[in-house]
Structures are given as structure tokens and as C-alpha cells.
>>> print(open('entry.txt').read())   # compact mmCIF, C-alpha atoms
# COMPACT_ATOMS: atom_id res chain seq x y z
CA MET A 24 -112.81 65.96 -117.30
CA PRO A 25 -109.35 65.92 -115.65
CA ALA A 26 -106.68 63.61 -117.03
CA PRO A 27 -106.44 60.27 -115.19
CA GLY A 28 -104.78 60.65 -111.84
CA SER A 29 -104.98 64.45 -111.90
CA ILE A 30 -108.05 65.14 -109.79
CA ARG A 31 -108.03 68.18 -107.56
CA ILE A 32 -108.68 67.59 -103.86
CA GLY A 33 -109.66 70.19 -101.28
CA PHE A 34 -108.27 69.27 -97.86
CA ILE A 35 -110.60 70.52 -95.12
CA THR A 36 -109.09 70.97 -91.65
CA SER A 37 -109.32 73.87 -89.22
CA THR A 38 -105.70 73.17 -88.21
CA ASP A 39 -102.61 73.39 -90.41
CA PRO A 40 -102.22 70.02 -92.19
CA MET A 41 -98.56 70.77 -92.87
CA SER A 42 -97.84 70.67 -89.14
CA ARG A 43 -96.77 67.23 -87.96
CA ARG A 44 -98.49 67.97 -84.65
CA SER A 45 -101.92 68.35 -86.29
CA TRP A 46 -103.92 65.26 -85.28
CA SER A 47 -100.64 63.62 -84.18
CA GLY A 48 -99.24 63.93 -87.70
CA VAL A 49 -102.13 62.08 -89.36
CA HIS A 50 -103.27 65.17 -91.28
CA TYR A 51 -99.80 65.57 -92.80
CA SER A 52 -99.50 61.88 -93.66
CA ILE A 53 -102.91 61.75 -95.36
CA PHE A 54 -102.20 64.96 -97.28
CA LYS A 55 -98.91 63.63 -98.65
CA ALA A 56 -100.29 60.16 -99.39
CA LEU A 57 -103.12 61.69 -101.43
CA GLU A 58 -100.57 63.78 -103.34
CA ARG A 59 -98.41 60.76 -104.13
CA ASN A 60 -101.22 58.46 -105.15
CA ILE A 61 -104.37 60.29 -106.24
CA GLY A 62 -103.95 63.89 -107.36
CA GLU A 63 -103.34 67.53 -106.52
CA VAL A 64 -104.18 68.43 -102.92
CA VAL A 65 -104.98 71.96 -101.78
CA ALA A 66 -104.99 72.82 -98.06
CA LEU A 67 -108.07 74.87 -97.14
CA GLY A 68 -106.97 75.30 -93.52
CA PRO A 69 -105.94 76.49 -91.05
CA VAL A 70 -108.74 78.65 -89.68
CA GLN A 71 -107.67 81.06 -86.97
CA MET A 72 -109.84 80.69 -83.86
CA ARG A 73 -107.36 81.55 -81.10
CA TRP A 74 -109.26 84.44 -79.54
CA THR A 75 -112.61 82.67 -79.72
CA PHE A 76 -111.19 79.59 -78.02
CA ALA A 77 -109.41 81.70 -75.41
CA LEU A 78 -112.79 83.24 -74.54
CA GLY A 79 -114.30 79.76 -74.33
CA ASP A 80 -111.60 78.72 -71.86
CA ARG A 81 -112.40 81.68 -69.63
CA VAL A 82 -116.15 81.00 -69.69
CA ASN A 83 -115.53 77.37 -68.73
CA ASN A 84 -113.05 78.18 -65.96
CA TRP A 85 -114.86 81.20 -64.52
CA VAL A 86 -118.52 80.30 -65.03
CA MET A 87 -119.37 76.77 -66.14
CA LYS A 88 -117.12 74.74 -63.86
CA PRO A 89 -117.74 76.80 -60.69
CA LEU A 90 -121.51 76.73 -61.22
CA THR A 91 -122.08 73.24 -62.64
CA GLY A 92 -118.87 71.26 -62.16
CA LYS A 93 -118.99 70.56 -65.90
CA ARG A 94 -117.80 72.30 -69.03
CA TYR A 95 -118.99 73.24 -72.50
CA GLN A 96 -117.05 71.86 -75.49
CA TYR A 97 -116.98 75.22 -77.27
CA GLY A 98 -114.45 74.15 -79.92
CA TRP A 99 -116.89 71.55 -81.23
CA SER A 100 -120.14 73.47 -81.01
CA VAL A 101 -122.97 74.44 -83.33
CA LEU A 102 -121.82 78.07 -83.36
CA VAL A 103 -118.27 77.15 -84.35
CA ALA A 104 -119.55 74.65 -86.94
CA ARG A 105 -121.64 77.35 -88.61
CA TRP A 106 -118.63 79.66 -88.66
CA TYR A 107 -116.52 76.95 -90.30
CA ALA A 108 -119.25 76.41 -92.91
CA TRP A 109 -119.10 80.10 -93.82
CA VAL A 110 -115.28 80.16 -93.93
CA PHE A 111 -114.87 77.01 -96.01
CA GLY A 112 -117.82 77.94 -98.22
CA ARG A 113 -116.01 81.15 -99.17
CA LYS A 114 -112.76 79.25 -99.76
CA LEU A 115 -114.52 76.82 -102.10
CA ALA A 116 -116.25 79.58 -104.07
CA GLY A 117 -114.64 80.16 -107.45
CA GLN A 118 -112.37 77.12 -107.21
CA HIS A 119 -112.71 73.75 -108.89
CA PHE A 120 -112.40 70.61 -106.80
CA ASP A 121 -113.31 67.05 -107.73
CA LEU A 122 -113.24 65.84 -104.14
CA LEU A 123 -113.13 67.17 -100.58
CA VAL A 124 -111.28 65.21 -97.90
CA ALA A 125 -112.10 66.01 -94.28
CA PRO A 126 -109.97 64.11 -91.74
CA ALA A 127 -111.18 64.47 -88.14
CA SER A 128 -113.21 67.46 -89.33
CA PHE A 129 -116.83 66.77 -88.42
CA THR A 130 -117.34 70.33 -87.14
CA GLU A 131 -115.86 71.75 -90.32
CA ILE A 132 -118.27 69.91 -92.66
CA ALA A 133 -121.43 69.59 -90.57
CA TYR A 134 -123.12 72.65 -92.11
CA LEU A 135 -121.02 72.96 -95.28
CA ARG A 136 -123.19 73.38 -98.37
CA THR A 137 -121.52 71.94 -101.45
CA ASP A 138 -122.16 69.52 -104.30
CA ILE A 139 -118.56 68.32 -104.23
CA PRO A 140 -118.34 64.78 -102.78
CA ILE A 141 -116.87 64.68 -99.29
CA VAL A 142 -114.74 61.92 -97.79
CA TYR A 143 -114.94 62.07 -93.99
CA ILE A 144 -112.05 60.29 -92.23
CA GLU A 145 -112.06 59.37 -88.55
CA ASP A 146 -110.75 56.91 -85.96
CA SER A 147 -113.90 56.90 -83.81
CA THR A 148 -117.36 58.34 -83.43
CA LEU A 149 -118.24 60.92 -80.82
CA HIS A 150 -120.69 58.47 -79.26
CA GLN A 151 -117.65 56.32 -78.42
CA LEU A 152 -115.52 59.17 -77.09
CA ILE A 153 -117.99 60.99 -74.85
CA ASP A 154 -117.28 59.92 -71.25
CA PHE A 155 -114.59 57.54 -72.58
CA TYR A 156 -111.70 59.88 -73.39
CA PRO A 157 -110.62 62.31 -70.66
CA GLY A 158 -110.95 65.26 -73.04
CA LEU A 159 -114.62 64.49 -73.62
CA SER A 160 -115.62 63.69 -70.06
CA GLY A 161 -117.39 65.99 -67.62
CA LEU A 162 -119.40 67.76 -70.32
CA LEU A 163 -122.69 69.59 -69.99
CA THR A 164 -125.69 67.70 -71.33
CA VAL A 165 -126.25 70.38 -73.97
CA SER A 166 -122.67 70.00 -75.14
CA LYS A 167 -123.05 66.22 -75.52
CA ALA A 168 -126.23 66.77 -77.51
CA GLU A 169 -124.49 69.24 -79.82
CA LEU A 170 -121.58 66.86 -80.40
CA ASN A 171 -123.85 64.01 -81.42
CA HIS A 172 -125.92 66.36 -83.59
CA LEU A 173 -122.83 67.60 -85.44
CA GLU A 174 -121.49 64.07 -85.89
CA LYS A 175 -124.80 62.97 -87.39
CA LEU A 176 -124.76 65.92 -89.81
CA ALA A 177 -121.18 65.17 -90.88
CA LEU A 178 -121.97 61.50 -91.48
CA THR A 179 -125.02 62.48 -93.52
CA ARG A 180 -123.16 65.01 -95.69
CA ALA A 181 -120.22 62.71 -96.45
CA ARG A 182 -120.38 60.55 -99.58
CA LEU A 183 -117.81 58.16 -98.13
CA VAL A 184 -116.91 57.67 -94.47
CA CYS A 185 -113.49 56.14 -93.90
CA TYR A 186 -112.73 54.69 -90.45
CA SER A 187 -109.48 53.26 -89.14
CA SER A 188 -111.16 50.36 -87.34
CA GLU A 189 -114.20 48.11 -87.39
CA TRP A 190 -114.85 49.28 -83.82
CA ALA A 191 -115.48 52.82 -85.08
CA ALA A 192 -117.40 51.70 -88.17
CA HIS A 193 -119.75 49.61 -86.02
CA SER A 194 -120.63 52.67 -83.95
CA ALA A 195 -121.37 54.73 -87.07
CA ARG A 196 -123.75 52.07 -88.32
CA TYR A 197 -125.54 51.33 -85.06
CA ASP A 198 -125.30 54.57 -83.05
CA TYR A 199 -125.91 57.00 -85.92
CA GLY A 200 -127.68 54.85 -88.51
CA THR A 201 -125.09 55.50 -91.20
CA PRO A 202 -125.69 53.22 -94.21
CA ALA A 203 -123.11 50.44 -94.43
CA GLU A 204 -122.61 51.09 -98.14
CA LYS A 205 -121.01 54.49 -97.46
CA ILE A 206 -118.58 53.19 -94.79
CA VAL A 207 -115.15 51.69 -95.39
CA VAL A 208 -112.57 50.47 -92.85
CA LEU A 209 -108.96 51.34 -93.72
CA PRO A 210 -106.42 51.16 -90.85
CA PHE A 211 -104.08 54.15 -90.74
CA GLY A 212 -100.40 53.95 -91.65
CA SER A 213 -97.17 54.76 -89.88
CA ASN A 214 -96.16 58.40 -89.50
CA TYR A 215 -92.51 57.49 -88.98
CA PRO A 216 -90.53 59.39 -91.67
CA THR A 217 -87.54 57.04 -92.05
CA PRO A 218 -88.52 53.41 -91.39
CA PRO A 219 -85.75 50.84 -91.81
CA THR A 220 -85.64 48.29 -94.60
CA ARG A 221 -87.22 44.93 -93.87
CA GLU A 222 -83.75 43.36 -93.66
CA VAL A 223 -82.58 45.87 -91.05
CA ALA A 224 -85.84 45.65 -89.11
CA LEU A 225 -85.61 41.88 -88.76
CA ARG A 226 -81.93 41.84 -87.88
CA HIS A 227 -82.65 42.53 -84.21
CA VAL A 228 -82.21 39.61 -81.83
CA PRO A 229 -82.87 39.88 -78.07
CA ASP A 230 -79.68 40.08 -76.03
CA PRO A 231 -80.09 38.45 -72.59
CA ASP A 232 -76.98 40.28 -71.37
CA LYS A 233 -78.76 43.61 -71.96
CA GLY A 234 -82.09 42.38 -70.68
CA CYS A 235 -85.59 42.80 -72.04
CA ARG A 236 -85.99 46.35 -73.29
CA LEU A 237 -89.49 47.82 -73.26
CA PHE A 238 -90.38 50.98 -75.17
CA LEU A 239 -93.50 53.15 -74.85
CA LEU A 240 -94.26 56.13 -77.09
CA GLY A 241 -97.35 58.15 -76.15
CA GLY A 242 -98.48 61.58 -75.11
CA GLU A 243 -100.65 60.89 -72.06
CA TRP A 244 -99.22 59.06 -69.06
CA GLU A 245 -102.51 57.89 -67.61
CA ARG A 246 -104.44 57.08 -70.79
CA LYS A 247 -101.52 55.23 -72.37
CA GLY A 248 -101.13 53.04 -69.27
CA ALA A 249 -97.54 54.07 -68.57
CA ALA A 250 -97.87 53.16 -64.88
CA ILE A 251 -98.82 49.61 -65.89
CA ALA A 252 -95.83 49.49 -68.22
CA TYR A 253 -93.62 50.48 -65.29
CA ASP A 254 -95.17 47.74 -63.13
CA THR A 255 -94.52 45.32 -65.99
CA MET A 256 -90.83 46.16 -65.91
CA LEU A 257 -90.74 45.58 -62.13
CA ALA A 258 -92.59 42.27 -62.49
CA LEU A 259 -90.21 41.06 -65.21
CA ASN A 260 -87.28 41.68 -62.92
CA GLU A 261 -89.05 39.73 -60.17
CA LEU A 262 -89.45 36.85 -62.64
CA GLY A 263 -85.69 36.81 -63.05
CA LEU A 264 -85.69 38.56 -66.44
CA GLN A 265 -83.68 41.77 -66.31
CA ALA A 266 -85.83 44.49 -67.86
CA SER A 267 -85.79 48.20 -68.60
CA LEU A 268 -88.42 50.70 -69.77
CA THR A 269 -88.07 53.89 -71.78
CA VAL A 270 -91.09 56.17 -72.10
CA VAL A 271 -91.16 58.95 -74.70
CA GLY A 272 -93.84 61.64 -74.90
CA CYS A 273 -94.96 61.84 -71.29
CA VAL A 274 -93.60 61.76 -67.75
CA PRO A 275 -95.00 60.56 -64.40
CA PRO A 276 -97.32 62.98 -62.59
CA ALA A 277 -95.29 65.22 -60.28
CA ALA A 278 -97.15 63.98 -57.20
CA GLU A 279 -96.16 60.38 -58.01
CA ALA A 280 -92.62 60.95 -59.28
CA HIS A 281 -91.10 59.39 -56.16
CA ARG A 282 -92.59 56.04 -57.15
CA TYR A 283 -90.69 55.79 -60.42
CA GLN A 284 -87.09 55.54 -59.26
CA HIS A 285 -85.99 52.17 -60.65
CA PRO A 286 -82.58 52.47 -62.39
CA GLY A 287 -83.94 50.69 -65.47
CA PHE A 288 -86.57 53.38 -66.07
CA ARG A 289 -86.26 56.67 -67.92
CA ALA A 290 -88.82 59.12 -69.29
CA ILE A 291 -88.18 61.56 -72.13
CA PRO A 292 -90.86 64.28 -72.27
CA TYR A 293 -90.77 64.87 -76.02
CA LEU A 294 -88.88 63.98 -79.19
CA ASP A 295 -89.60 65.84 -82.43
CA MET A 296 -89.59 63.65 -85.55
CA GLY A 297 -88.86 66.79 -87.57
CA ASN A 298 -85.59 67.32 -85.70
CA ASP A 299 -82.61 65.26 -86.92
CA GLU A 300 -81.14 64.76 -83.45
CA SER A 301 -84.47 63.74 -81.94
CA LEU A 302 -85.23 61.46 -84.86
CA ALA A 303 -81.87 59.71 -84.48
CA GLN A 304 -82.60 59.14 -80.79
CA LEU A 305 -86.06 57.81 -81.57
CA GLN A 306 -84.65 55.54 -84.27
CA GLU A 307 -82.22 54.03 -81.80
CA LEU A 308 -84.98 53.43 -79.25
CA PHE A 309 -87.14 51.61 -81.80
CA GLN A 310 -84.22 49.56 -83.08
CA MET A 311 -82.91 48.53 -79.67
CA ALA A 312 -86.28 47.70 -78.09
CA ASP A 313 -87.52 44.13 -77.75
CA PHE A 314 -91.18 45.06 -77.24
CA PHE A 315 -93.36 48.09 -77.85
CA ILE A 316 -95.64 48.26 -74.82
CA LEU A 317 -98.80 50.38 -74.64
CA PRO A 318 -101.32 49.21 -71.99
CA SER A 319 -103.85 51.83 -73.13
CA ARG A 320 -106.88 52.61 -70.99
CA ALA A 321 -108.65 54.20 -73.98
CA GLU A 322 -107.52 54.10 -77.60
CA CYS A 323 -108.92 54.72 -81.06
CA ALA A 324 -105.99 54.23 -83.42
CA ALA A 325 -102.50 54.53 -81.95
CA ILE A 326 -100.31 55.34 -84.94
CA ALA A 327 -97.36 54.25 -82.81
CA PHE A 328 -98.46 50.64 -83.39
CA ALA A 329 -97.78 51.08 -87.10
CA ASP A 330 -94.48 52.83 -86.33
CA ALA A 331 -93.45 49.91 -84.12
CA ASN A 332 -94.39 47.36 -86.78
CA SER A 333 -92.21 49.18 -89.33
CA PHE A 334 -89.28 48.20 -87.09
CA GLY A 335 -90.54 44.63 -86.79
CA LEU A 336 -91.33 45.36 -83.16
CA PRO A 337 -94.03 43.23 -81.48
CA VAL A 338 -96.72 45.26 -79.72
CA VAL A 339 -97.96 44.45 -76.22
CA THR A 340 -101.24 46.20 -75.52
CA THR A 341 -104.81 45.98 -74.24
CA ASP A 342 -108.03 44.97 -75.96
CA VAL A 343 -109.75 48.34 -75.99
CA GLY A 344 -111.22 50.66 -78.64
CA GLY A 345 -109.99 50.14 -82.20
CA ILE A 346 -106.75 48.36 -81.32
CA ARG A 347 -107.67 45.01 -82.90
CA SER A 348 -107.70 46.61 -86.36
CA PHE A 349 -104.02 47.43 -85.84
CA VAL A 350 -102.63 44.61 -83.70
CA LEU A 351 -103.38 41.00 -84.63
CA PRO A 352 -103.48 39.03 -81.35
CA ASP A 353 -100.70 36.43 -81.08
CA ILE A 354 -99.59 37.24 -84.63
CA THR A 355 -98.15 40.78 -84.58
CA GLY A 356 -98.43 41.32 -80.85
CA LEU A 357 -99.92 40.39 -77.52
CA VAL A 358 -103.37 41.76 -76.71
CA LEU A 359 -104.36 41.48 -73.05
CA PRO A 360 -107.72 42.29 -71.43
CA LEU A 361 -108.22 45.80 -70.04
CA SER A 362 -108.17 44.31 -66.54
CA ALA A 363 -104.60 43.00 -66.96
CA ASP A 364 -102.00 44.41 -64.55
CA GLY A 365 -98.22 44.58 -64.66
CA ALA A 366 -97.83 40.97 -63.51
CA ASP A 367 -100.09 39.77 -66.34
CA PHE A 368 -98.16 41.74 -68.93
CA ALA A 369 -94.87 40.48 -67.55
CA ALA A 370 -95.97 36.85 -67.70
CA ALA A 371 -97.02 37.18 -71.34
CA ILE A 372 -93.84 39.01 -72.33
CA SER A 373 -91.59 36.59 -70.47
CA GLN A 374 -93.13 33.57 -72.17
CA LEU A 375 -92.58 35.03 -75.64
CA TYR A 376 -89.13 36.44 -74.87
CA ARG A 377 -87.92 33.02 -73.72
CA ASN A 378 -89.08 31.40 -76.99
CA PRO A 379 -86.68 32.74 -79.68
CA ALA A 380 -88.45 31.03 -82.59
CA ALA A 381 -91.89 32.38 -81.67
CA TYR A 382 -90.43 35.82 -81.01
CA ALA A 383 -88.68 35.91 -84.42
CA GLN A 384 -91.90 34.80 -86.12
CA MET A 385 -93.85 37.62 -84.46
CA ARG A 386 -91.24 40.17 -85.52
CA ALA A 387 -91.53 39.00 -89.13
CA ALA A 388 -95.34 39.16 -88.98
CA ALA A 389 -95.22 42.65 -87.46
CA ARG A 390 -93.05 43.94 -90.30
CA GLN A 391 -95.25 42.20 -92.86
CA ARG A 392 -98.29 43.93 -91.35
CA TYR A 393 -96.55 47.27 -91.88
CA ASP A 394 -95.48 46.44 -95.45
CA GLY A 395 -98.89 45.14 -96.50
CA VAL A 396 -101.38 47.26 -94.56
CA LEU A 397 -100.10 49.80 -92.02
CA ASN A 398 -98.52 52.28 -94.43
CA TRP A 399 -100.08 55.38 -95.93
CA ASP A 400 -99.48 54.56 -99.60
CA HIS A 401 -101.47 51.35 -99.17
CA TRP A 402 -104.16 53.37 -97.38
CA ALA A 403 -104.37 55.90 -100.24
CA ARG A 404 -104.50 53.23 -102.95
CA GLN A 405 -107.29 51.43 -101.12
CA LEU A 406 -109.17 54.71 -100.71
CA GLN A 407 -108.75 55.35 -104.43
CA ARG A 408 -110.27 51.98 -105.23
CA GLU A 409 -113.20 52.62 -102.87
CA LEU A 410 -113.86 56.01 -104.50
CA ALA A 411 -114.20 54.27 -107.86
CA THR A 412 -116.07 51.12 -106.87
CA ARG A 413 -118.59 53.08 -104.77
CA GLY A 414 -119.19 55.60 -107.54
CA VAL A 415 -117.90 58.64 -105.67
CA LEU A 416 -115.62 59.48 -108.60
CA GLU A 417 -115.45 58.20 -112.17
CA ILE A 418 -112.73 55.61 -112.62
CA SER A 419 -111.35 57.68 -115.54
CA GLN A 420 -110.59 60.50 -113.07
CA LEU A 421 -108.29 58.27 -111.04
CA SER A 422 -104.92 56.68 -111.72
CA PRO A 423 -104.23 54.75 -114.94
CA GLY A 424 -103.21 51.81 -112.73
CA LEU A 425 -106.64 51.71 -111.14
CA ALA A 426 -108.37 52.04 -114.49
CA SER A 427 -106.47 48.99 -115.75
CA GLY A 428 -107.21 47.06 -112.56
CA SER A 429 -103.57 46.85 -111.49
CA VAL A 430 -103.81 48.69 -108.17
CA ALA A 431 -103.64 46.26 -105.24
>>> encode(input="entry.txt", output="C-alpha cells")
Amino acid sequence: MPAPGSIRIGFITSTDPMSRRSWSGVHYSIFKALERNIGEVVALGPVQMRWTFALGDRVNNWVMKPLTGKRYQYGWSVLVARWYAWVFGRKLAGQHFDLLVAPASFTEIAYLRTDIPIVYIEDSTLHQLIDFYPGLSGLLTVSKAELNHLEKLALTRARLVCYSSEWAAHSARYDYGTPAEKIVVLPFGSNYPTPPTREVALRHVPDPDKGCRLFLLGGEWERKGAAIAYDTMLALNELGLQASLTVVGCVPPAAEAHRYQHPGFRAIPYLDMGNDESLAQLQELFQMADFFILPSRAECAAIAFADANSFGLPVVTTDVGGIRSFVLPDITGLVLPLSADGADFAAAISQLYRNPAAYAQMRAAARQRYDGVLNWDHWARQLQRELATRGVLEISQLSPGLASGSVA
């Protein structure tokens, strides 16, 4: 039996978990949080599939799309899943692990044969994503069937299924029949590497002379609702409130670039949190912004919400997907219906901006949400407690703090 707090965890991902671009940095954050709070973590990925996936691209582009107008999701297929099972089975052979953690790795564990308990971590189910996210739209019927089959296998093999939102957990229970007793909802934490102190975060006060500064951080212009954010800026100016918008991570489509010419708007294609200069620029954007705006059209768990809250920044977003597990309406942010347009967003922002006391209260609540929930150490400690209380691991294998009942 390992000493308390010294369990050995196998980390199953087909990508490199040490890359901050793997699952938008969530793999890295989970890996490090497990190391800090639970035990030794061993990366079992990446698995090289470049040539296989390149062949899949060619088949889709040269055969499937021309003939059917649809495509086959080869990267998440039964054939690939069986290959992953063989690869990870060989990696597990001859090694001792107390636990396997598989974040966003349903294909990797679907056919994996092992007696080691598996924790499957996700921000959605495939039932929710098919024909909802652009990347999983326009699929062949056989591909959709394979995706749901693999998801069901992964949910069955996992001893504990950890979702970032109640929205996702509900789908697992009702769309796949996953027993409620093996599901836990733990919102993800912030990936931002250098959040400010609470004192610094709450020092910001809107400056009417500089106008209302909106900030959007996201990688997909259309899905993140960047065009609506731009319309919000225009509408705020029409309401007599000088406003500006900075977008980081995406730019307007080339065919529409002529539309986005307002002097208060700028778009920065990419900033790397691992680069000191980029990080300093990003830090300034978070600190100077008055609102973090993300009128998402589809969303599972935008980690940027947690990043924004670490700066005490109120979030303005839409009621879609798993957002309500991250943003508390009228407490840490403003949550508008999916039908809301730029004028609706502007009206809500203007009302809050012109009420300094309410605005300051929301900033304090946003930071408190980060301190108490939306950080990865809290996530890992809660996972540790769930592993013990649900009997996945013996409590003696976990931290002394948990064994004494002192872990919050």
C-alpha cells in the first residue's frame, strides 16, 4: 500500500499533456494539479498518429465529401480506438498505477482492458456536440453511430466520470444511462499562469474618460460570437457610452473584414501564455478591461471565464451549453438568452456600468468565485474527496489532510 498522498497516476491522453495547447491547456492544468494535490503523475501520451490522420483528411476531401457531402470523423473512430487500446495496454504492462485519469480521452479508453480504476473527465457528451459544434457537424450517419458507441463504452469503463457542468452530467445520465452515483460535477479552473492577488484584482475602477473597455478571448470568431461583441461596442457608443473592444485569439473572416473598421476595435490573432511578452500583453488586457464579453453560440466550458474571474472581471455571455456552471447570473456576470443581439448586450452592460456600487459588487463576487471554485487546486482537492467517498480509492492512499477530514 503506498504511503498517504503518494499514489501513482497514469495520465491517458493521445496528445502531449505538457503542451499548453493540448485541450486548450486543460490537460496541462489537470496534470499539474494532480501532482500538487494527489500524487505522482506519469504521462502515457502522446501517441503519434500524424500519417494516419493525414490519410483520413485525404479520404474525406477526395472521396467522402465529393460523393456524400459529409465526412467521416476518422480521429474518433472504432479503428483508432482499438489502436489506442493496444498502445496504452502495452504502456500499462509491467507498471504499477493506482489510478488512471483520462481527460477528454473517450477514444483512448473505450476498448482499454485494465483493472485499474479510470477517472474519465469531460466538459460535454458527444450526444450534445454532434450537430451542435461546427467540428462535429456534417458527419456521416455511421460516424455519428461510432461516436455514440465509443462514448457509451468510455462511460461504462470509467469508475468515476467527472464533468465540468451539470449540463454535461445531465446528458450522461439521460442520453447514455450512466448511473448518477458514478458522476460528479466539478467546474474547471483557470489556466492563467500568473493571476493577480485579490487586492490587485479588485483595485480596478471604470474610468469614464477612457470609456467602457470590452475584452474577448477565444479561438473561433463565429462560435465565440465575436461579431455580436462588435455590435455591442457599436450599440454602446450609440447609447452615449464610449466603448472599445479588443479580441484575442481570432480575427474577422477575410470576406467580412471591411465591416470591422471602427477605431475602437482591434483583433490580435494569437497570444502565447508561455511567452513572457505575450503574457504581459494579455495581463494588461485583463487588468484594463471593464467586462469580459463572450456571446458564445455554442459552449461547453470556456476556461476564459475562470481566467476573467481571477482578475475580478465580470463576464457577459449567453445562456448556452455548460456556461451556467461557470457564470452565476447577476452575481458574477450577465447571462443573456442565445437570441440576444448587440443592442441587448449593450443595454445590459450600460445599466451595470452606470451603477458603480453594483459593478464593484459583481467584481468582488467574480474574484470570490475564482478563489473558492474556479481554480485547479480546488478542483483536484474535490476530486480527491470524491475518489475516497465513492470508494474508488482507499482513503489511506490519499492525502493525510483528507484522511483527517481537513480537506475543504
>>> residues_near_point(input="entry.txt", point="(-118.8, 73.4, -89.1)", cutoff="6 Å", atoms="all atoms listed in the file", output="ChimeraX atom specification")
/A:104-105,107-108,130-134
>>> residues_near_point(input="entry.txt", point="(-111.8, 54.2, -95.1)", cutoff="9 Å", atoms="only C-alpha atoms", output="list in words")
Val142, Tyr143, Ile144, Glu145, Leu183, Val184, Cys185, Tyr186, Ser187, Ser188, Ile206, Val207, Val208, Leu209, Pro210, Phe211, Trp402, Gln405, Leu406 and Glu409 of chain A
>>> closest_residue(input="entry.txt", among="A:Ser301, A:Gln96, A:Thr355, A:Ser147", to="Ala168 (chain A)", atoms="all atoms listed in the file")
A:Gln96
>>> closest_residue(input="entry.txt", among="A:Gly272, A:Gly98, A:Pro202, A:Pro216", to="Met296 (chain A)", atoms="all atoms listed in the file")
A:Pro216
>>> closest_residue(input="entry.txt", among="A:Trp99, A:Pro140, A:Arg390, A:Leu262", to="Asn171 (chain A)", atoms="all atoms listed in the file")
A:Trp99
>>> closest_residue(input="entry.txt", among="A:Pro69, A:Gly158, A:Pro379, A:Gly48", to="Val228 (chain A)", atoms="all atoms listed in the file")
A:Pro379
>>> residues_around(input="entry.txt", residues="region 360-370 of chain A", least_positions_apart="3", cutoff="9 Å", atoms="all atoms listed in the file", output="PyMOL selection string")
chain A and resi 250-260+262+318-320+339-343+357+373-375
>>> residues_around(input="entry.txt", residues="Ser194 (chain A)", least_positions_apart="2", cutoff="8 Å", atoms="all atoms listed in the file", output="JSON, numbers by chain")
{"A": [147, 148, 150, 151, 190, 191, 192, 196, 197, 198, 199]}
>>> closest_residue(input="entry.txt", among="A:Gly212, A:Glu261, A:Ala290, A:Gly234", to="Leu397 (chain A)", atoms="all atoms listed in the file")
A:Gly212
>>> residues_around(input="entry.txt", residues="Phe328 (chain A)", least_positions_apart="3", cutoff="9 Å", atoms="all atoms listed in the file", output="list in words")
Ser213, Phe315, Leu317, Ala324, Ala325, Ala331, Asn332, Ser333, Leu336, Pro337, Val338, Ile346, Phe349, Val350 and Leu397 of chain A
>>> closest_residue(input="entry.txt", among="A:Leu170, A:Ala411, A:Val165, A:Val70", to="Leu152 (chain A)", atoms="all atoms listed in the file")
A:Leu170
>>> atom_distance(input="entry.txt", atom1="CA of Pro231 (chain A)", atom2="CA of Pro219 (chain A)")
23.6 Å
>>> residues_around(input="entry.txt", residues="Trp399 (chain A)", least_positions_apart="5", cutoff="9 Å", atoms="all atoms listed in the file", output="PyMOL selection string")
chain A and resi 52-53+55-57+211-214+404
>>> write_last_selection(input="entry.txt", atoms="C-alpha atoms", output="compact mmCIF listing (two decimals), keeping the file's coordinate frame")
# COMPACT_ATOMS: atom_id res chain seq x y z
CA SER A 52 -99.50 61.88 -93.66
CA ILE A 53 -102.91 61.75 -95.36
CA LYS A 55 -98.91 63.63 -98.65
CA ALA A 56 -100.29 60.16 -99.39
CA LEU A 57 -103.12 61.69 -101.43
CA PHE A 211 -104.08 54.15 -90.74
CA GLY A 212 -100.40 53.95 -91.65
CA SER A 213 -97.17 54.76 -89.88
CA ASN A 214 -96.16 58.40 -89.50
CA ARG A 404 -104.50 53.23 -102.95
>>> atom_distance(input="entry.txt", atom1="CA of Gln391 (chain A)", atom2="CA of Asp299 (chain A)")
27.0 Å
>>> atom_distance(input="entry.txt", atom1="CA of Cys235 (chain A)", atom2="CA of Val271 (chain A)")
17.3 Å
>>> residues_around(input="entry.txt", residues="Phe120 (chain A)", least_positions_apart="5", cutoff="9 Å", atoms="all atoms listed in the file", output="count of residues only")
6
>>> build_atoms(input="entry.txt", residues="region 123-134 of chain A", atoms="N, CA and C atoms", output="CSV table (one decimal), in the frame of the given file")
chain,number,residue,atom,x,y,z
A,123,LEU,N,-113.5,66.5,-101.8
A,123,LEU,CA,-113.1,67.2,-100.6
A,123,LEU,C,-112.8,66.1,-99.6
A,124,VAL,N,-111.7,66.2,-98.9
A,124,VAL,CA,-111.3,65.2,-97.9
A,124,VAL,C,-111.2,65.9,-96.6
A,125,ALA,N,-112.0,65.4,-95.6
A,125,ALA,CA,-112.1,66.0,-94.3
A,125,ALA,C,-111.7,65.0,-93.2
A,126,PRO,N,-110.4,65.0,-92.8
A,126,PRO,CA,-110.0,64.1,-91.7
A,126,PRO,C,-110.2,64.7,-90.4
A,127,ALA,N,-110.9,64.0,-89.5
A,127,ALA,CA,-111.2,64.5,-88.1
A,127,ALA,C,-111.8,65.9,-88.2
A,128,SER,N,-112.7,66.1,-89.1
A,128,SER,CA,-113.2,67.5,-89.3
A,128,SER,C,-114.7,67.5,-89.4
A,129,PHE,N,-115.4,66.8,-88.4
A,129,PHE,CA,-116.8,66.8,-88.4
A,129,PHE,C,-117.4,68.2,-88.2
A,130,THR,N,-116.8,69.0,-87.4
A,130,THR,CA,-117.3,70.3,-87.1
A,130,THR,C,-117.2,71.2,-88.4
A,131,GLU,N,-116.1,71.0,-89.1
A,131,GLU,CA,-115.9,71.8,-90.3
A,131,GLU,C,-116.8,71.5,-91.5
A,132,ILE,N,-117.4,70.3,-91.5
A,132,ILE,CA,-118.3,69.9,-92.7
A,132,ILE,C,-119.7,69.8,-92.3
A,133,ALA,N,-120.1,69.9,-91.0
A,133,ALA,CA,-121.4,69.6,-90.6
A,133,ALA,C,-122.5,70.5,-91.3
A,134,TYR,N,-122.2,71.7,-91.5
A,134,TYR,CA,-123.1,72.6,-92.1
A,134,TYR,C,-122.6,73.1,-93.5
